[in-house]
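Please read the structure below before turning to the comments.
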Amino acid sequence: MGLLVGAAVMVTSSAQAATTLGASAAERSGRYFGTAVAASRLSDSAYTTILNREFNQVTPENEMKIDATEPQQGQFSYGNADRIVQHARSRNMQVRGHTLAWHSQQPGWMQNMSGSTLRNAMLNHVTQVATHFRGQIAWWDVVNEAFADGSSGARRDSNLQRTGNDWIEAAFRAADAADPNAQLCYNDYNIDNWNDAKTQAVYRMVQDFRSRGVPIDCVGLQSHFTGGSNYPSNYRTTLSSFAALGVDVHITELDIRNAPSDAYRNVTNDCLAVARCKGITVWGIRDSDSWRSGESPLLFNGSGQKKAAYDAVLAALNNGTTPTNPVTTPPPTGNPTTPPPSGNCTATITPGTVWGDRYNTSVTVSGASTWSVVVAITAPQKVSTTWSGSFSWDSSGNVMTVRSNGSNTFGFTTMMNGNSSARPQIRSCTAG
Ligand code: G3I
């Protein structure tokens, strides 16, 4: 269970509107905007161009599911998941792990198990997989879709449920032991409407877990909407009600039939209105990548062009602010012992949002239209997200070179990792 709680955000209202989803989410309100990624698509350059440009968070669509990671009992297979994690982390995109325990997509050997044999196999799976990815996963969907649809408010019947009602908390405790720094989430669909029995049942479980100290940090609302009509008008109430339990909320698998701009805009604004809504993940990039491609539910068409809903989301993100509990840390100051920057252009740092365990920085370059800027970060601080430049790192991971890619301003988020006073230093600005 990570300690990333009570994240507070202070917003720099003067920031220029960002031009990509991830950058605007990060820059304007310290959030992420992510997508599900399929390993098989990573060789498609049209796909990766959009992925790398637009998104700062990734969820493997199928590659971390139980059938993918433990196809034979005790034999673990991480190749495709590792490829996605590597792709994401080398570009400073955060990774959501999906999913450790689920009634669906179980390998054959698990489907045939029951009782304590299944319980132990499930717990071993959680432990092994969370250990393999330890330190690389920001949020785990520890348990997925464990409640029944309809009016019962009951748990979904499954082989896992039949091992005993405490299987969910047992999975959370195992995940916490294996990766204490990951944020641990319960993830489900049809928990969007605050009045639904399923929503209320999940709410009561989270409330119970919080009251008994079960390590749960967050709730994921998948939000697979079948159209504007079933985006519920009380969605924001649902988000804020879960948040009031002391957990973060995430919109984890967003797609909307025919991608109506209004519904996409409303979902985005609802997340932005709730301080503990940490970000939005769409369930695929282009309509042709979607699990329901016939409904054209995503933000890019099959040719990779931005749809109207994309513009609506981007505009909403750029308007987004969440000024709750501003952090009173003094503004970043330069280190007086650092030599002045060298080179033939000028790079100026503007301190940005400070929230929780991280802060944003933007840098504006003048005196050159194409340039490269070298920025040093003080370890153990680490850059976690970047936008509006082309970034590369030296072998220490503490010095980054940023090349212009059309904008004269770039930005990045830095994790403080225990050092809350150091701030990035410009080493040089070189035209050309
Ligand atoms: O890769 C194989 C291919 O080799 C084979 O020929 C083909 C024949 O069926 O199957 C392909 O695998 C499919 C896989 O998607 C990749 O396309 C599986 O059959 C199919 O079951 C799988 O569907 C996934 C589904 O979860 C079931 O796990 C979807 O891609 C994925 O988008 C969907 O995601 C779920 C979330 O995990 C949980 N919430 C709901 C969401 C939508 O159903």
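Letters for chains follow the order of the structure tokens (A, B, ...), residue numbers begin at 1 for each chain, and ligand numbers begin at 1 in the order shown.
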
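A distance cut-off of 8 Å from ligand 1, applied to only C-alpha atoms and all ligand atoms, picks out the residues Ala38, Glu61, Asn62, Lys65, His98, Thr99, Ser104, Gln105, Asn144, Glu145, Asp188, Tyr189, Gln222, His224, Glu253, Trp283, Gly284, Ser290 and Trp291 of chain A.
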
Run DSSP on the backbone of this structure and report the residues of stretch 51-194 of chain A it assigns to strand (DSSP E or B), as an mmCIF file with N, CA, C and O atoms, in the first residue's frame.
```cif
data_model
loop_
_atom_site.group_PDB
_atom_site.id
_atom_site.type_symbol
_atom_site.label_atom_id
_atom_site.label_comp_id
_atom_site.auth_asym_id
_atom_site.auth_seq_id
_atom_site.Cartn_x
_atom_site.Cartn_y
_atom_site.Cartn_z
ATOM 1 N N GLN A 57 0.411 7.672 -19.366
ATOM 2 C CA GLN A 57 0.106 6.520 -18.497
ATOM 3 C C GLN A 57 -0.341 5.385 -19.408
ATOM 4 O O GLN A 57 -0.959 5.623 -20.446
ATOM 5 N N VAL A 58 -0.032 4.164 -18.997
ATOM 6 C CA VAL A 58 -0.317 2.993 -19.824
ATOM 7 C C VAL A 58 -0.869 1.872 -18.942
ATOM 8 O O VAL A 58 -0.396 1.670 -17.826
ATOM 9 N N THR A 59 -1.865 1.155 -19.457
ATOM 10 C CA THR A 59 -2.347 -0.076 -18.824
ATOM 11 C C THR A 59 -2.255 -1.199 -19.851
ATOM 12 O O THR A 59 -2.858 -1.094 -20.924
ATOM 13 N N PRO A 60 -1.487 -2.252 -19.589
ATOM 14 C CA PRO A 60 -1.492 -3.387 -20.519
ATOM 15 C C PRO A 60 -2.908 -3.949 -20.649
ATOM 16 O O PRO A 60 -3.553 -4.254 -19.633
ATOM 17 N N GLN A 72 0.838 -21.854 -17.260
ATOM 18 C CA GLN A 72 0.886 -23.160 -16.584
ATOM 19 C C GLN A 72 1.175 -22.865 -15.127
ATOM 20 O O GLN A 72 1.946 -21.948 -14.822
ATOM 21 N N GLN A 75 4.550 -21.590 -13.751
ATOM 22 C CA GLN A 75 5.425 -21.152 -14.854
ATOM 23 C C GLN A 75 4.963 -19.773 -15.305
ATOM 24 O O GLN A 75 3.883 -19.637 -15.886
ATOM 25 N N GLN A 94 3.529 6.393 -16.559
ATOM 26 C CA GLN A 94 3.245 5.541 -15.405
ATOM 27 C C GLN A 94 2.459 4.309 -15.856
ATOM 28 O O GLN A 94 1.717 4.361 -16.846
ATOM 29 N N VAL A 95 2.617 3.220 -15.115
ATOM 30 C CA VAL A 95 1.982 1.964 -15.512
ATOM 31 C C VAL A 95 0.960 1.529 -14.462
ATOM 32 O O VAL A 95 1.250 1.532 -13.257
ATOM 33 N N ARG A 96 -0.227 1.166 -14.961
ATOM 34 C CA ARG A 96 -1.249 0.551 -14.122
ATOM 35 C C ARG A 96 -1.216 -0.950 -14.407
ATOM 36 O O ARG A 96 -1.300 -1.363 -15.565
ATOM 37 N N GLY A 97 -1.077 -1.743 -13.368
ATOM 38 C CA GLY A 97 -1.077 -3.194 -13.540
ATOM 39 C C GLY A 97 -2.502 -3.713 -13.549
ATOM 40 O O GLY A 97 -3.316 -3.361 -12.699
ATOM 41 N N HIS A 98 -2.801 -4.562 -14.522
ATOM 42 C CA HIS A 98 -4.184 -5.049 -14.701
ATOM 43 C C HIS A 98 -4.128 -6.500 -15.162
ATOM 44 O O HIS A 98 -3.664 -6.733 -16.262
ATOM 45 N N THR A 99 -4.499 -7.436 -14.398
ATOM 46 C CA THR A 99 -5.052 -7.397 -13.049
ATOM 47 C C THR A 99 -4.604 -8.659 -12.322
ATOM 48 O O THR A 99 -4.361 -9.667 -12.988
ATOM 49 N N LEU A 100 -4.509 -8.632 -10.998
ATOM 50 C CA LEU A 100 -3.911 -9.764 -10.282
ATOM 51 C C LEU A 100 -4.907 -10.883 -9.979
ATOM 52 O O LEU A 100 -4.544 -12.056 -10.005
ATOM 53 N N ALA A 101 -6.137 -10.540 -9.669
ATOM 54 C CA ALA A 101 -7.115 -11.577 -9.312
ATOM 55 C C ALA A 101 -8.460 -11.249 -9.963
ATOM 56 O O ALA A 101 -8.998 -10.150 -9.770
ATOM 57 N N TRP A 102 -8.980 -12.203 -10.734
ATOM 58 C CA TRP A 102 -10.175 -11.963 -11.552
ATOM 59 C C TRP A 102 -10.825 -13.308 -11.843
ATOM 60 O O TRP A 102 -10.118 -14.309 -12.037
ATOM 61 N N TRP A 139 0.000 1.732 -9.909
ATOM 62 C CA TRP A 139 -1.276 1.267 -9.350
ATOM 63 C C TRP A 139 -1.528 -0.143 -9.850
ATOM 64 O O TRP A 139 -1.370 -0.419 -11.043
ATOM 65 N N TRP A 140 -1.954 -0.999 -8.954
ATOM 66 C CA TRP A 140 -2.402 -2.340 -9.349
ATOM 67 C C TRP A 140 -3.918 -2.427 -9.257
ATOM 68 O O TRP A 140 -4.493 -2.052 -8.228
ATOM 69 N N ASP A 141 -4.551 -2.958 -10.277
ATOM 70 C CA ASP A 141 -5.920 -3.453 -10.126
ATOM 71 C C ASP A 141 -5.765 -4.807 -9.455
ATOM 72 O O ASP A 141 -5.564 -5.829 -10.133
ATOM 73 N N VAL A 142 -5.824 -4.815 -8.141
ATOM 74 C CA VAL A 142 -5.557 -6.066 -7.415
ATOM 75 C C VAL A 142 -6.675 -7.059 -7.694
ATOM 76 O O VAL A 142 -6.438 -8.221 -8.025
ATOM 77 N N VAL A 143 -7.903 -6.583 -7.553
ATOM 78 C CA VAL A 143 -9.067 -7.438 -7.809
ATOM 79 C C VAL A 143 -9.967 -6.721 -8.807
ATOM 80 O O VAL A 143 -10.209 -5.516 -8.692
ATOM 81 N N ASN A 144 -10.454 -7.484 -9.769
ATOM 82 C CA ASN A 144 -11.257 -6.929 -10.856
ATOM 83 C C ASN A 144 -12.646 -7.575 -10.865
ATOM 84 O O ASN A 144 -12.760 -8.805 -10.765
ATOM 85 N N PHE A 147 -18.085 -7.997 -8.148
ATOM 86 C CA PHE A 147 -19.479 -7.837 -7.715
ATOM 87 C C PHE A 147 -20.449 -8.140 -8.853
ATOM 88 O O PHE A 147 -20.134 -7.940 -10.033
ATOM 89 N N ARG A 155 -21.850 -10.239 -4.027
ATOM 90 C CA ARG A 155 -20.628 -10.606 -4.735
ATOM 91 C C ARG A 155 -20.995 -11.442 -5.964
ATOM 92 O O ARG A 155 -21.957 -12.208 -5.945
ATOM 93 N N GLN A 183 0.177 1.532 -5.372
ATOM 94 C CA GLN A 183 -1.161 1.872 -4.900
ATOM 95 C C GLN A 183 -2.091 0.737 -5.311
ATOM 96 O O GLN A 183 -2.060 0.286 -6.471
ATOM 97 N N LEU A 184 -2.899 0.271 -4.382
ATOM 98 C CA LEU A 184 -3.685 -0.938 -4.614
ATOM 99 C C LEU A 184 -5.158 -0.583 -4.818
ATOM 100 O O LEU A 184 -5.793 0.016 -3.946
ATOM 101 N N CYS A 185 -5.685 -0.985 -5.967
ATOM 102 C CA CYS A 185 -7.042 -0.572 -6.347
ATOM 103 C C CYS A 185 -7.984 -1.762 -6.495
ATOM 104 O O CYS A 185 -7.584 -2.851 -6.909
ATOM 105 N N TYR A 186 -9.259 -1.510 -6.222
ATOM 106 C CA TYR A 186 -10.346 -2.393 -6.641
ATOM 107 C C TYR A 186 -10.941 -1.784 -7.901
ATOM 108 O O TYR A 186 -11.223 -0.580 -7.946
ATOM 109 N N ASN A 187 -11.157 -2.607 -8.936
ATOM 110 C CA ASN A 187 -11.582 -2.094 -10.246
ATOM 111 C C ASN A 187 -12.858 -2.804 -10.702
ATOM 112 O O ASN A 187 -12.964 -4.028 -10.576
ATOM 113 N N ASP A 188 -13.819 -2.039 -11.219
ATOM 114 C CA ASP A 188 -15.062 -2.695 -11.675
ATOM 115 C C ASP A 188 -15.785 -1.824 -12.697
ATOM 116 O O ASP A 188 -15.474 -0.638 -12.855
#
```

- Query: When DSSP works through the backbone of this structure, what residues of stretch 225-321 of chain A end up as alpha helix (DSSP H), shown as a ChimeraX atom specification?
  - Reply: /A:235-243,261-273,308-319

Residue subset to file, keeping N, CA and C atoms, as a CSV table (one decimal), in the first residue's frame:
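Contents of out37.csv, as written:
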```
chain,number,residue,atom,x,y,z
A,235,TYR,N,-22.5,10.9,-11.8
A,235,TYR,CA,-21.1,10.3,-11.9
A,235,TYR,C,-20.2,11.0,-10.9
A,236,ARG,N,-20.2,12.3,-10.9
A,236,ARG,CA,-19.3,13.1,-10.1
A,236,ARG,C,-19.6,12.8,-8.6
A,237,THR,N,-20.9,12.6,-8.3
A,237,THR,CA,-21.2,12.2,-6.9
A,237,THR,C,-20.6,10.9,-6.5
A,238,THR,N,-20.6,10.0,-7.5
A,238,THR,CA,-20.0,8.6,-7.3
A,238,THR,C,-18.5,8.8,-7.0
A,239,LEU,N,-17.8,9.6,-7.9
A,239,LEU,CA,-16.4,9.8,-7.7
A,239,LEU,C,-16.1,10.4,-6.3
A,240,SER,N,-16.8,11.5,-6.0
A,240,SER,CA,-16.5,12.2,-4.7
A,240,SER,C,-16.9,11.3,-3.5
A,241,SER,N,-17.9,10.5,-3.7
A,241,SER,CA,-18.3,9.7,-2.5
A,241,SER,C,-17.3,8.6,-2.2
A,242,PHE,N,-16.8,8.0,-3.2
A,242,PHE,CA,-15.6,7.0,-3.0
A,242,PHE,C,-14.5,7.8,-2.4
A,243,ALA,N,-14.2,8.9,-3.0
A,243,ALA,CA,-13.0,9.7,-2.5
A,243,ALA,C,-13.1,10.1,-1.0
A,261,SER,N,-19.0,13.9,-28.0
A,261,SER,CA,-18.1,14.9,-27.3
A,261,SER,C,-18.6,15.2,-25.9
A,262,ASP,N,-19.9,15.4,-25.8
A,262,ASP,CA,-20.5,15.9,-24.6
A,262,ASP,C,-20.2,14.9,-23.4
A,263,ALA,N,-20.4,13.6,-23.7
A,263,ALA,CA,-20.1,12.6,-22.6
A,263,ALA,C,-18.7,12.6,-22.3
A,264,TYR,N,-17.8,12.6,-23.3
A,264,TYR,CA,-16.3,12.6,-23.0
A,264,TYR,C,-16.0,13.9,-22.2
A,265,ARG,N,-16.5,15.0,-22.6
A,265,ARG,CA,-16.2,16.3,-21.8
A,265,ARG,C,-16.7,16.2,-20.4
A,266,ASN,N,-17.9,15.7,-20.2
A,266,ASN,CA,-18.5,15.6,-18.9
A,266,ASN,C,-17.7,14.6,-18.0
A,267,VAL,N,-17.3,13.5,-18.5
A,267,VAL,CA,-16.5,12.6,-17.7
A,267,VAL,C,-15.2,13.3,-17.3
A,268,THR,N,-14.5,14.0,-18.2
A,268,THR,CA,-13.3,14.7,-17.9
A,268,THR,C,-13.5,15.7,-16.9
A,269,ASN,N,-14.5,16.5,-17.0
A,269,ASN,CA,-14.8,17.6,-16.1
A,269,ASN,C,-15.1,17.0,-14.7
A,270,ASP,N,-15.8,15.9,-14.7
A,270,ASP,CA,-16.2,15.2,-13.4
A,270,ASP,C,-14.9,14.8,-12.7
A,271,CYS,N,-14.0,14.2,-13.4
A,271,CYS,CA,-12.7,13.8,-12.8
A,271,CYS,C,-12.0,15.1,-12.3
A,272,LEU,N,-11.9,16.1,-13.1
A,272,LEU,CA,-11.2,17.3,-12.7
A,272,LEU,C,-11.8,18.0,-11.5
A,273,ALA,N,-13.1,17.7,-11.3
A,273,ALA,CA,-13.8,18.4,-10.1
A,273,ALA,C,-13.5,17.7,-8.8
A,308,ALA,N,-13.7,14.5,-32.8
A,308,ALA,CA,-14.2,15.7,-32.1
A,308,ALA,C,-14.1,15.5,-30.6
A,309,ALA,N,-14.3,14.3,-30.1
A,309,ALA,CA,-14.3,14.0,-28.7
A,309,ALA,C,-12.9,14.3,-28.2
A,310,TYR,N,-11.8,14.0,-29.0
A,310,TYR,CA,-10.5,14.4,-28.6
A,310,TYR,C,-10.4,15.9,-28.2
A,311,ASP,N,-10.9,16.7,-29.2
A,311,ASP,CA,-10.8,18.1,-28.9
A,311,ASP,C,-11.6,18.5,-27.7
A,312,ALA,N,-12.7,17.9,-27.4
A,312,ALA,CA,-13.5,18.2,-26.2
A,312,ALA,C,-12.7,17.8,-25.0
A,313,VAL,N,-12.1,16.7,-25.0
A,313,VAL,CA,-11.3,16.3,-23.8
A,313,VAL,C,-10.1,17.2,-23.6
A,314,LEU,N,-9.4,17.5,-24.7
A,314,LEU,CA,-8.2,18.3,-24.5
A,314,LEU,C,-8.6,19.7,-24.0
A,315,ALA,N,-9.7,20.3,-24.5
A,315,ALA,CA,-10.1,21.6,-24.0
A,315,ALA,C,-10.5,21.5,-22.6
A,316,ALA,N,-11.2,20.5,-22.2
A,316,ALA,CA,-11.5,20.3,-20.8
A,316,ALA,C,-10.3,20.2,-19.9
A,317,LEU,N,-9.3,19.4,-20.3
A,317,LEU,CA,-8.1,19.2,-19.5
A,317,LEU,C,-7.4,20.5,-19.4
A,318,ASN,N,-7.4,21.3,-20.4
A,318,ASN,CA,-6.6,22.6,-20.4
A,318,ASN,C,-7.3,23.6,-19.5
A,319,ASN,N,-8.6,23.4,-19.3
A,319,ASN,CA,-9.3,24.3,-18.4
A,319,ASN,C,-9.2,23.8,-16.9
```

- Query: Do you know which residues are at most 10 Å from A:Gly115 counting only C-alpha atoms, after dropping those on the same chain fewer than 4 positions away, and could you put them as a VMD selection string?
  - Reply: chain A and resid 119 to 120 159 to 164

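Between atom CA of A:Ala25 and atom CA of A:Tyr359 there is a distance of 13.5 Å.
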